[in-house]
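A.B. asks: File final_0.tsv below, TSV, C-alpha atoms and all ligand atoms:
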```
chain	number	residue	atom	x	y	z
B	1	MET	CA	-27.51	-1.23	-22.61
B	2	ASP	CA	-26.29	-4.02	-20.36
B	3	VAL	CA	-22.71	-3.58	-19.22
B	4	THR	CA	-20.73	-6.51	-17.82
B	5	SER	CA	-18.44	-6.07	-14.82
B	6	GLU	CA	-15.49	-6.48	-17.23
B	7	GLU	CA	-16.79	-3.64	-19.45
B	8	ALA	CA	-17.86	-1.27	-16.65
B	9	THR	CA	-14.50	0.49	-16.24
B	10	ASP	CA	-14.08	1.33	-19.92
B	11	VAL	CA	-17.67	2.59	-20.16
B	12	VAL	CA	-17.19	5.03	-17.28
B	13	VAL	CA	-13.72	6.11	-18.49
B	14	GLU	CA	-15.32	6.89	-21.87
B	15	ALA	CA	-18.02	8.95	-20.10
B	16	PHE	CA	-15.31	11.14	-18.51
B	17	SER	CA	-13.14	11.29	-21.63
B	18	LYS	CA	-14.54	14.59	-22.91
B	19	THR	CA	-13.79	16.49	-19.68
B	20	PRO	CA	-12.45	19.79	-21.12
B	21	ASP	CA	-9.80	20.46	-18.43
B	22	PRO	CA	-6.95	18.01	-19.22
B	23	ARG	CA	-5.74	17.69	-15.62
B	24	LEU	CA	-9.28	17.09	-14.31
B	25	ARG	CA	-9.77	14.51	-17.10
B	26	GLU	CA	-6.58	12.71	-16.07
B	27	VAL	CA	-7.67	12.69	-12.41
B	28	LEU	CA	-11.20	11.43	-13.14
B	29	VAL	CA	-10.06	8.70	-15.52
B	30	SER	CA	-7.42	7.50	-13.06
B	31	ALA	CA	-9.87	7.65	-10.12
B	32	THR	CA	-12.32	5.55	-12.14
B	33	ARG	CA	-9.72	2.92	-13.03
B	34	HIS	CA	-8.40	2.64	-9.45
B	35	LEU	CA	-11.85	2.67	-7.82
B	36	HIS	CA	-13.11	-0.02	-10.16
B	37	ALA	CA	-10.00	-2.14	-9.59
B	38	PHE	CA	-10.50	-1.76	-5.82
B	39	VAL	CA	-14.14	-2.84	-6.02
B	40	GLN	CA	-13.29	-5.75	-8.32
B	41	GLU	CA	-10.66	-6.92	-5.84
B	42	VAL	CA	-12.67	-6.45	-2.61
B	43	ASP	CA	-15.99	-7.51	-4.16
B	44	PRO	CA	-18.12	-5.86	-1.42
B	45	THR	CA	-21.69	-6.84	-0.70
B	46	MET	CA	-24.23	-4.03	-1.08
B	47	ALA	CA	-24.56	-3.97	2.73
B	48	GLU	CA	-20.78	-3.48	3.07
B	49	TRP	CA	-20.86	-0.69	0.47
B	50	GLU	CA	-23.58	1.07	2.49
B	51	VAL	CA	-21.37	0.86	5.60
B	52	ALA	CA	-18.60	2.57	3.60
B	53	ILE	CA	-20.96	5.31	2.37
B	54	ASP	CA	-22.25	5.84	5.92
B	55	PHE	CA	-18.65	6.09	7.19
B	56	LEU	CA	-17.84	8.77	4.61
B	57	THR	CA	-21.11	10.60	5.33
B	58	ARG	CA	-20.30	10.72	9.05
B	59	THR	CA	-16.74	11.84	8.22
B	60	GLY	CA	-18.27	14.81	6.38
B	61	HIS	CA	-20.70	15.57	9.19
B	62	LYS	CA	-17.84	15.57	11.71
B	63	SER	CA	-15.99	18.22	9.67
B	64	ASP	CA	-16.44	21.98	10.04
B	65	ASP	CA	-14.32	25.14	9.99
B	66	VAL	CA	-12.00	23.88	12.74
B	67	ARG	CA	-12.30	20.10	12.49
B	68	GLN	CA	-11.29	18.39	9.23
B	69	GLU	CA	-12.10	14.71	9.62
B	70	PHE	CA	-11.41	14.02	5.91
B	71	MET	CA	-7.88	15.37	6.30
B	72	LEU	CA	-7.44	13.18	9.38
B	73	LEU	CA	-8.63	10.22	7.29
B	74	SER	CA	-6.06	11.11	4.64
B	75	ASP	CA	-3.45	11.39	7.44
B	76	VAL	CA	-4.06	7.91	8.89
B	77	PHE	CA	-3.96	6.34	5.41
B	78	GLY	CA	-0.54	7.96	4.92
B	79	VAL	CA	-1.90	9.89	1.95
B	80	THR	CA	-1.22	13.40	3.31
B	81	MET	CA	2.40	12.44	3.88
B	82	LEU	CA	2.62	10.81	0.43
B	83	VAL	CA	1.35	14.04	-1.19
B	84	GLU	CA	3.89	16.05	0.89
B	85	THR	CA	6.73	13.74	-0.17
B	86	LEU	CA	5.76	13.85	-3.86
B	87	GLU	CA	5.40	17.64	-3.64
B	88	SER	CA	8.91	17.93	-2.17
B	89	LEU	CA	10.34	16.05	-5.20
B	90	ARG	CA	9.32	19.08	-7.30
B	91	HIS	CA	11.63	21.33	-5.25
B	92	SER	CA	15.23	21.37	-4.14
B	93	ASN	CA	16.15	18.36	-1.99
B	94	ALA	CA	18.58	20.55	-0.04
B	95	THR	CA	15.78	22.15	1.98
B	96	THR	CA	14.48	21.08	5.36
B	97	ALA	CA	12.08	18.15	4.85
B	98	ALA	CA	8.40	19.11	4.84
B	99	THR	CA	5.80	17.28	6.86
B	100	VAL	CA	2.08	17.48	7.66
B	101	LEU	CA	0.42	20.72	8.82
B	102	GLY	CA	-1.99	18.92	11.16
B	103	PRO	CA	-5.29	20.20	12.56
B	104	PHE	CA	-4.02	22.36	15.42
B	105	HIS	CA	-2.81	25.34	13.37
B	106	MET	CA	-6.28	26.83	13.53
B	107	THR	CA	-5.58	30.07	15.42
B	108	VAL	CA	-3.12	32.87	14.71
B	109	SER	CA	0.05	32.51	16.79
B	110	PRO	CA	0.78	35.50	19.04
B	111	ARG	CA	3.68	37.63	17.83
B	112	ARG	CA	6.55	37.19	20.24
B	113	GLU	CA	10.03	38.65	20.71
B	114	LEU	CA	13.08	36.42	20.21
B	115	GLY	CA	13.83	34.64	23.48
B	116	GLU	CA	10.26	34.98	24.76
B	117	SER	CA	8.54	31.94	26.29
B	118	ILE	CA	5.70	30.24	24.43
B	119	ASP	CA	5.01	28.28	27.62
B	120	GLU	CA	2.70	30.65	29.48
B	121	ILE	CA	2.16	28.47	32.54
B	122	GLY	CA	5.68	27.36	33.53
B	123	SER	CA	4.52	23.78	33.29
B	124	ALA	CA	7.87	21.94	33.28
B	125	VAL	CA	11.65	22.32	33.05
B	126	PRO	CA	12.35	25.20	30.67
B	127	CYS	CA	13.56	24.27	27.21
B	128	ILE	CA	15.42	26.56	24.81
B	129	VAL	CA	14.98	25.93	21.10
B	130	GLU	CA	17.28	27.77	18.75
B	131	GLY	CA	18.14	27.65	15.09
B	132	THR	CA	18.89	29.63	11.97
B	133	VAL	CA	16.96	30.02	8.75
B	134	THR	CA	19.29	29.78	5.75
B	135	SER	CA	19.00	29.40	1.99
B	136	VAL	CA	20.02	26.21	0.17
B	137	THR	CA	23.29	27.96	-0.65
B	138	GLY	CA	24.02	28.45	3.05
B	139	GLU	CA	23.38	32.18	3.41
B	140	PRO	CA	21.40	33.28	6.46
B	141	ILE	CA	17.96	34.70	5.64
B	142	PRO	CA	17.62	37.86	7.74
B	143	HIS	CA	14.22	38.48	9.34
B	144	ALA	CA	12.66	35.21	8.13
B	145	THR	CA	9.42	34.49	9.97
B	146	VAL	CA	9.09	31.38	12.10
B	147	ASP	CA	5.60	30.33	13.23
B	148	VAL	CA	5.76	27.74	16.02
B	149	TRP	CA	3.08	25.63	17.72
B	150	GLN	CA	3.26	22.61	19.98
B	151	ALA	CA	1.53	20.51	22.62
B	152	ASP	CA	2.54	21.08	26.25
B	153	SER	CA	4.41	18.67	28.54
B	154	GLU	CA	1.14	16.75	29.05
B	155	GLY	CA	0.43	16.46	25.31
B	156	PHE	CA	-2.27	19.16	24.99
B	157	TYR	CA	-2.64	22.07	22.55
B	158	ASP	CA	-4.22	25.30	23.82
B	159	VAL	CA	-7.24	24.79	21.49
B	160	GLN	CA	-8.16	21.51	23.23
B	161	THR	CA	-10.59	22.93	25.75
B	162	GLU	CA	-10.38	19.91	28.10
B	163	ALA	CA	-6.84	20.96	29.04
B	164	GLY	CA	-7.93	24.45	30.20
B	165	LEU	CA	-4.81	26.09	28.77
B	166	PRO	CA	-4.61	29.84	28.06
B	167	GLU	CA	-5.14	30.81	24.40
B	168	GLY	CA	-1.75	31.14	22.70
B	169	ASN	CA	0.00	28.71	25.06
B	170	GLY	CA	2.57	26.75	23.07
B	171	ARG	CA	2.39	29.16	20.13
B	172	GLY	CA	4.59	31.98	18.89
B	173	PHE	CA	5.19	33.93	15.69
B	174	PHE	CA	8.85	35.01	15.65
B	175	THR	CA	10.94	37.11	13.31
B	176	ALA	CA	14.54	35.92	13.00
B	177	ASP	CA	17.32	38.45	13.61
B	178	GLU	CA	19.58	39.97	10.93
B	179	ASN	CA	21.60	36.70	10.88
B	180	GLY	CA	18.55	34.51	10.35
B	181	ALA	CA	18.77	33.28	13.97
B	182	PHE	CA	15.75	32.53	16.15
B	183	TRP	CA	15.43	31.26	19.70
B	184	PHE	CA	12.60	30.90	22.15
B	185	ARG	CA	11.76	29.34	25.46
B	186	THR	CA	9.27	26.49	25.81
B	187	VAL	CA	8.91	23.06	27.45
B	188	VAL	CA	9.69	19.72	25.83
B	189	PRO	CA	6.36	18.63	24.34
B	190	ALA	CA	4.87	15.21	25.09
B	191	PHE	CA	3.57	12.63	22.61
B	192	TYR	CA	-0.21	12.76	22.20
B	193	PRO	CA	-3.14	11.06	20.44
B	194	ILE	CA	-4.73	12.45	17.28
B	195	PRO	CA	-8.47	13.17	17.74
B	196	THR	CA	-10.30	9.84	18.15
B	197	ASP	CA	-13.85	11.03	18.91
B	198	GLY	CA	-14.98	10.70	15.24
B	199	PRO	CA	-15.09	8.12	12.44
B	200	VAL	CA	-11.29	8.10	12.13
B	201	GLY	CA	-11.05	7.05	15.79
B	202	GLU	CA	-13.52	4.22	15.02
B	203	LEU	CA	-11.35	3.15	12.12
B	204	LEU	CA	-8.21	3.06	14.29
B	205	ARG	CA	-9.98	1.01	16.97
B	206	ALA	CA	-11.44	-1.39	14.39
B	207	SER	CA	-7.98	-1.96	12.94
B	208	ALA	CA	-6.23	-2.27	16.34
B	209	ARG	CA	-4.07	0.78	15.54
B	210	HIS	CA	-2.88	3.24	18.20
B	211	PRO	CA	-3.62	6.98	17.73
B	212	TYR	CA	-0.30	8.42	18.99
B	213	ARG	CA	2.09	10.88	17.44
B	214	PRO	CA	5.67	11.18	18.72
B	215	ALA	CA	6.46	14.45	20.52
B	216	HIS	CA	7.17	17.30	18.12
B	217	ILE	CA	7.18	21.06	17.61
B	218	HIS	CA	5.54	22.42	14.44
B	219	PHE	CA	7.23	25.13	12.37
B	220	ILE	CA	6.27	27.19	9.32
B	221	ALA	CA	9.25	29.22	8.13
B	222	ASP	CA	8.89	31.85	5.42
B	223	ALA	CA	10.69	34.81	3.88
B	224	PRO	CA	10.13	37.02	0.82
B	225	GLY	CA	11.57	35.33	-2.30
B	226	PHE	CA	11.57	31.85	-0.71
B	227	LEU	CA	9.15	28.91	-0.66
B	228	PRO	CA	7.62	28.56	2.82
B	229	ILE	CA	8.22	25.25	4.58
B	230	THR	CA	5.81	23.45	6.92
B	231	THR	CA	7.67	21.01	9.09
B	232	HIS	CA	8.21	19.54	12.58
B	233	CYS	CA	11.16	19.04	14.85
B	234	PHE	CA	10.69	15.60	16.48
B	235	VAL	CA	11.97	14.90	20.01
B	236	ALA	CA	14.63	12.22	19.48
B	237	ASP	CA	13.83	9.84	22.31
B	238	SER	CA	10.04	10.20	22.20
B	239	PRO	CA	7.77	7.16	22.37
B	240	TYR	CA	6.20	6.41	18.97
B	241	ILE	CA	9.12	7.95	17.04
B	242	ASP	CA	9.14	4.80	14.87
B	243	GLU	CA	5.35	4.42	14.64
B	244	ASP	CA	3.70	7.79	14.11
B	245	ALA	CA	-0.07	7.34	13.61
B	246	VAL	CA	0.12	9.67	10.57
B	247	PHE	CA	3.49	8.42	9.17
B	248	ALA	CA	4.98	11.94	9.22
B	249	VAL	CA	8.43	11.32	10.77
B	250	LYS	CA	11.46	11.95	8.56
B	251	SER	CA	14.80	10.98	10.05
B	252	SER	CA	16.36	14.35	9.17
B	253	LEU	CA	13.80	16.03	11.47
B	254	ILE	CA	14.63	13.96	14.57
B	255	THR	CA	16.37	16.31	16.99
B	256	PRO	CA	18.13	15.65	20.31
B	257	PHE	CA	16.67	17.58	23.25
B	258	GLU	CA	19.42	17.55	25.87
B	259	ARG	CA	19.50	18.59	29.51
B	260	ASN	CA	22.08	21.32	30.23
B	261	ASP	CA	23.09	21.79	33.89
B	262	ASP	CA	25.51	24.65	33.17
B	263	LEU	CA	24.13	27.70	34.98
B	264	VAL	CA	26.41	30.04	33.02
B	265	ALA	CA	24.84	28.75	29.79
B	266	ALA	CA	21.41	29.08	31.43
B	267	SER	CA	22.06	32.72	32.29
B	268	ARG	CA	22.62	33.53	28.58
B	269	PHE	CA	18.92	32.75	28.10
B	270	GLY	CA	17.79	34.57	31.26
B	271	LEU	CA	17.45	31.29	33.21
B	272	ASP	CA	18.81	30.39	36.65
B	273	GLN	CA	18.22	26.62	36.54
B	274	PRO	CA	19.15	23.56	34.44
B	275	PHE	CA	17.31	23.56	31.14
B	276	ASP	CA	16.64	21.40	28.09
B	277	HIS	CA	18.09	22.52	24.78
B	278	ALA	CA	17.47	21.74	21.11
B	279	ARG	CA	18.85	23.17	17.88
B	280	PHE	CA	16.67	23.06	14.77
B	281	ASP	CA	18.05	24.77	11.69
B	282	ILE	CA	15.74	25.43	8.74
B	283	VAL	CA	16.75	25.63	5.07
B	284	LEU	CA	14.47	27.30	2.50
B	285	ALA	CA	14.56	27.11	-1.31
B	286	PRO	CA	14.16	30.18	-3.48
B	287	ALA	CA	10.67	30.74	-4.87
B	288	GLU	CA	10.25	30.12	-8.57
B	289	GLY	CA	11.60	33.12	-10.48
B	290	ALA	CA	13.18	34.68	-7.34
X	1	LIG	C1	-0.50	17.30	14.57
X	1	LIG	O1	0.67	17.10	14.64
X	1	LIG	O2	-0.91	18.32	15.12
X	1	LIG	C2	-1.40	16.34	13.83
X	1	LIG	C3	-1.08	16.00	12.53
X	1	LIG	C4	-1.93	15.13	11.84
X	1	LIG	C5	-3.06	14.63	12.45
X	1	LIG	C6	-3.37	14.99	13.76
X	1	LIG	C7	-2.52	15.85	14.47
X	2	FE	FE	1.11	18.28	16.42
```
Would you mind writing the structure in this file as structure tokens?
C.D. replies:
Amino acid sequence: MDVTSEEATDVVVEAFSKTPDPRLREVLVSATRHLHAFVQEVDPTMAEWEVAIDFLTRTGHKSDDVRQEFMLLSDVFGVTMLVETLESLRHSNATTAATVLGPFHMTVSPRRELGESIDEIGSAVPCIVEGTVTSVTGEPIPHATVDVWQADSEGFYDVQTEAGLPEGNGRGFFTADENGAFWFRTVVPAFYPIPTDGPVGELLRASARHPYRPAHIHFIADAPGFLPITTHCFVADSPYIDEDAVFAVKSSLITPFERNDDLVAASRFGLDQPFDHARFDIVLAPAEGA
């Protein structure tokens, strides 16, 4: 039967209304309502709709085991961060804020001893990062694991072959000590662009948006009986700190990285030169039922 544009939404909602799984039904009905409202508002020509379908098709073709262009699309629309923020409302607000995982956690970080350098090439002034992993009630979490990955002082991850970095550079999997403390040597990372060689890059160019993320170090902290947290420590004075291309900065994660010229302090970390220093403490919530 003929269906008018006014009736179309209700007809499709009705078609999905017998979906047995209640959550899937809710999602499909809501997706229908929002998609139809979007199309009603934008009123695309058929040629414009084909451009959109082609864009999504190429987004799929650009994706594989190590490149997730759809996730990048979700990132630049701020949707990944919105899902993270909504997810965090389900848990204690006393934990470290969570933020996006990003596409560069694609290899296993090398296990490293506390104090070891994740900078394998000595590319810049050494930087010491230290912190403790504690519970929301303030107790240290002994032997928590802390997985770390970051770009180097030029803004490259080891997996970006154009940089020619050794595998594992800028990565480390640490186990905190009996007091929940961790520390490692690195270099202050630089800001860098998200991948722009695919449809998402086209989208950014077409909308006159820059692709840059402020400098940051990624962390995943975990311990038995606790909810793992995926987060970043952002370098306080980094360019783009107020305009992250993927909207992932939370003010509580902005961390001063400060030069320390005290050679006695340097010697405590096995250094004999001025160094940069940052402290990033991580708070985990107990897992459900723990
Ligand atoms: C990252 O920080 O590694 C990242 C996050 C989202 C999109 C692209 C890169
Ligand atoms: Fe990153």
A.B. asks: Of the residues B:Gly172, B:Pro214, B:Pro20, B:Gly102, which is the one nearest to Val188 (chain B), using all atoms listed in the file?
C.D. replies: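 Checking each of B:Gly172, B:Pro214, B:Pro20, B:Gly102 against Val188 (chain B), counting all atoms listed in the file, the winner is B:Pro214.
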A.B. asks: Could you list, as a count of residues only, all residues that come within 12 Å of ligand FE 2 (chain X)? Count all atoms listed in the file.
C.D. replies: 47
A.B. asks: Which of these, B:Val27, B:Val187, B:Ala8, B:Met71, has the shortest distance to Ile118 (chain B) once you count all atoms listed in the file?
C.D. replies: B:Val187
A.B. asks: How big is the axis-aligned box, and where does its centre sit, when it encloses all atoms of region 273-287 of chain B listed in the file and has 6 Å added on every side, reported in Å to one decimal as JSON?
C.D. replies:
```
{"center_x": 14.9, "center_y": 26.1, "center_z": 15.8, "size_x": 20.5, "size_y": 21.3, "size_z": 53.4}
```
A.B. asks: Give me, as a CSV table (one decimal) with C-alpha atoms, in the coordinates of the input, all polymer residues having an atom no more than 12 Å from Arg259 (chain B), counting only C-alpha atoms and skipping those fewer than 6 positions away in the same chain.
C.D. replies:
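This is the output file around_6.csv:
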```csv
chain,number,residue,atom,x,y,z
B,125,VAL,CA,11.6,22.3,33.0
B,126,PRO,CA,12.4,25.2,30.7
B,127,CYS,CA,13.6,24.3,27.2
B,128,ILE,CA,15.4,26.6,24.8
B,187,VAL,CA,8.9,23.1,27.4
B,188,VAL,CA,9.7,19.7,25.8
B,265,ALA,CA,24.8,28.8,29.8
B,266,ALA,CA,21.4,29.1,31.4
B,273,GLN,CA,18.2,26.6,36.5
B,274,PRO,CA,19.2,23.6,34.4
B,275,PHE,CA,17.3,23.6,31.1
B,276,ASP,CA,16.6,21.4,28.1
B,277,HIS,CA,18.1,22.5,24.8
B,278,ALA,CA,17.5,21.7,21.1
```
A.B. asks: Counting only C-alpha atoms and all ligand atoms, which of B:Ser117, B:Thr161, B:Thr196, B:Asn169 gets nearest to ligand LIG 1 (chain X)?
C.D. replies: B:Thr196
A.B. asks: How far is it from CA of Glu87 (chain B) to CA of Glu139 (chain B), in Å with one decimal?
C.D. replies: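 Here the two named atoms are 24.2 Å from each other.
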A.B. asks: Determine the nearest neighbour of Glu113 (chain B) from the options B:Arg90, B:Arg185, B:Arg58, B:Arg33, counting only C-alpha atoms.
C.D. replies: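 When distances to Glu113 (chain B) are compared using only C-alpha atoms, the smallest one comes from B:Arg185.
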A.B. asks: Which residue gives the smallest distance to ligand LIG 1 (chain X) among B:Ser74, B:Thr32, B:Thr59, B:Thr9, with all atoms listed in the file counted?
C.D. replies: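 Ranked by minimum distance to ligand LIG 1 (chain X), first place goes to B:Ser74.
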A.B. asks: Rank nothing, just name the residue among B:Phe55, B:Phe247, B:Phe16, B:Phe174 nearest to ligand LIG 1 (chain X), using only C-alpha atoms and all ligand atoms.
C.D. replies: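 That would be B:Phe247, the residue with the smallest distance to ligand LIG 1 (chain X).
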A.B. asks: Please indicate the distance in Å from CA of Phe280 (chain B) to CA of Glu130 (chain B), rounded to one decimal place.
C.D. replies: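 For CA of Phe280 (chain B) relative to CA of Glu130 (chain B), the distance reads 6.2 Å.
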A.B. asks: Which distance in Å separates CA of Phe257 (chain B) and CA of Gly131 (chain B), to one decimal?
C.D. replies: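 Between CA of Phe257 (chain B) and CA of Gly131 (chain B) the gap is 13.0 Å.
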A.B. asks: For Lys18 (chain B), please output as a list of chain:residue names all residues within 12 Å (counting only C-alpha atoms; exclusion window: fewer than 6 positions along the same chain).
C.D. replies: B:Val12, B:Leu24, B:Arg25, B:Glu26, B:Leu28, B:Val29
A.B. asks: Extract, using all atoms listed in the file, all DNA, RNA and protein residues at most 9 Å from Val133 (chain B), discarding same-chain residues fewer than 5 positions from it, and format them as a compact mmCIF listing (two decimals) with C-alpha atoms, in the coordinates of the input.
C.D. replies:
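Full text of result-v4.txt as output:
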```
# COMPACT_ATOMS: atom_id res chain seq x y z
CA GLU B 139 23.38 32.18 3.41
CA PRO B 140 21.40 33.28 6.46
CA ILE B 141 17.96 34.70 5.64
CA PRO B 142 17.62 37.86 7.74
CA HIS B 143 14.22 38.48 9.34
CA ALA B 144 12.66 35.21 8.13
CA THR B 145 9.42 34.49 9.97
CA VAL B 146 9.09 31.38 12.10
CA ALA B 176 14.54 35.92 13.00
CA ASN B 179 21.60 36.70 10.88
CA GLY B 180 18.55 34.51 10.35
CA ALA B 181 18.77 33.28 13.97
CA PHE B 182 15.75 32.53 16.15
CA ALA B 221 9.25 29.22 8.13
CA ASP B 222 8.89 31.85 5.42
CA ASP B 281 18.05 24.77 11.69
CA ILE B 282 15.74 25.43 8.74
CA VAL B 283 16.75 25.63 5.07
CA LEU B 284 14.47 27.30 2.50
```
A.B. asks: Residues at most 7 Å from Ser109 (chain B), counting only C-alpha atoms, excluding those fewer than 2 positions away in the same chain, as a list of chain:residue names?
C.D. replies: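 Listing them by chain and then by number gives B:Thr107, B:Arg111, B:Asp147, B:Gly168, B:Arg171, B:Gly172, B:Phe173.
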A.B. asks: Could I get region 17-33 of chain B rebuilt with N, CA, C and O atoms, written as an mmCIF file, keeping the file's coordinate frame?
C.D. replies:
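Writing done, so here's selection28.cif:
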```cif
data_model
loop_
_atom_site.group_PDB
_atom_site.id
_atom_site.type_symbol
_atom_site.label_atom_id
_atom_site.label_comp_id
_atom_site.auth_asym_id
_atom_site.auth_seq_id
_atom_site.Cartn_x
_atom_site.Cartn_y
_atom_site.Cartn_z
ATOM 1 N N SER B 17 -14.248 11.006 -20.704
ATOM 2 C CA SER B 17 -13.140 11.290 -21.630
ATOM 3 C C SER B 17 -13.259 12.642 -22.335
ATOM 4 O O SER B 17 -12.280 13.106 -22.917
ATOM 5 N N LYS B 18 -14.421 13.274 -22.254
ATOM 6 C CA LYS B 18 -14.540 14.590 -22.910
ATOM 7 C C LYS B 18 -14.426 15.730 -21.901
ATOM 8 O O LYS B 18 -14.733 16.882 -22.211
ATOM 9 N N THR B 19 -13.995 15.444 -20.694
ATOM 10 C CA THR B 19 -13.790 16.490 -19.680
ATOM 11 C C THR B 19 -12.840 17.538 -20.273
ATOM 12 O O THR B 19 -11.710 17.200 -20.649
ATOM 13 N N PRO B 20 -13.291 18.805 -20.405
ATOM 14 C CA PRO B 20 -12.450 19.790 -21.120
ATOM 15 C C PRO B 20 -11.094 20.044 -20.438
ATOM 16 O O PRO B 20 -10.071 20.125 -21.112
ATOM 17 N N ASP B 21 -11.073 20.162 -19.113
ATOM 18 C CA ASP B 21 -9.800 20.460 -18.430
ATOM 19 C C ASP B 21 -8.945 19.191 -18.436
ATOM 20 O O ASP B 21 -9.337 18.159 -17.869
ATOM 21 N N PRO B 22 -7.735 19.241 -19.069
ATOM 22 C CA PRO B 22 -6.950 18.010 -19.220
ATOM 23 C C PRO B 22 -6.508 17.400 -17.889
ATOM 24 O O PRO B 22 -6.462 16.171 -17.739
ATOM 25 N N ARG B 23 -6.190 18.237 -16.917
ATOM 26 C CA ARG B 23 -5.740 17.690 -15.620
ATOM 27 C C ARG B 23 -6.919 17.020 -14.902
ATOM 28 O O ARG B 23 -6.771 15.919 -14.363
ATOM 29 N N LEU B 24 -8.093 17.687 -14.943
ATOM 30 C CA LEU B 24 -9.280 17.090 -14.310
ATOM 31 C C LEU B 24 -9.624 15.771 -15.004
ATOM 32 O O LEU B 24 -9.965 14.777 -14.343
ATOM 33 N N ARG B 25 -9.487 15.748 -16.344
ATOM 34 C CA ARG B 25 -9.770 14.510 -17.100
ATOM 35 C C ARG B 25 -8.836 13.382 -16.624
ATOM 36 O O ARG B 25 -9.279 12.267 -16.344
ATOM 37 N N GLU B 26 -7.551 13.721 -16.499
ATOM 38 C CA GLU B 26 -6.580 12.710 -16.070
ATOM 39 C C GLU B 26 -6.951 12.160 -14.688
ATOM 40 O O GLU B 26 -6.918 10.951 -14.436
ATOM 41 N N VAL B 27 -7.337 13.089 -13.778
ATOM 42 C CA VAL B 27 -7.670 12.690 -12.410
ATOM 43 C C VAL B 27 -8.917 11.794 -12.407
ATOM 44 O O VAL B 27 -8.950 10.740 -11.746
ATOM 45 N N LEU B 28 -9.936 12.187 -13.164
ATOM 46 C CA LEU B 28 -11.200 11.430 -13.140
ATOM 47 C C LEU B 28 -11.035 10.050 -13.773
ATOM 48 O O LEU B 28 -11.568 9.055 -13.263
ATOM 49 N N VAL B 29 -10.278 9.994 -14.862
ATOM 50 C CA VAL B 29 -10.060 8.700 -15.520
ATOM 51 C C VAL B 29 -9.267 7.769 -14.589
ATOM 52 O O VAL B 29 -9.609 6.594 -14.393
ATOM 53 N N SER B 30 -8.234 8.321 -13.959
ATOM 54 C CA SER B 30 -7.420 7.500 -13.060
ATOM 55 C C SER B 30 -8.234 7.068 -11.839
ATOM 56 O O SER B 30 -8.166 5.901 -11.418
ATOM 57 N N ALA B 31 -9.029 8.008 -11.280
ATOM 58 C CA ALA B 31 -9.870 7.650 -10.120
ATOM 59 C C ALA B 31 -10.829 6.521 -10.498
ATOM 60 O O ALA B 31 -11.023 5.569 -9.734
ATOM 61 N N THR B 32 -11.389 6.601 -11.691
ATOM 62 C CA THR B 32 -12.320 5.550 -12.140
ATOM 63 C C THR B 32 -11.606 4.199 -12.214
ATOM 64 O O THR B 32 -12.084 3.194 -11.685
ATOM 65 N N ARG B 33 -10.450 4.199 -12.862
ATOM 66 C CA ARG B 33 -9.720 2.920 -13.030
ATOM 67 C C ARG B 33 -9.359 2.314 -11.672
ATOM 68 O O ARG B 33 -9.539 1.121 -11.437
#
```
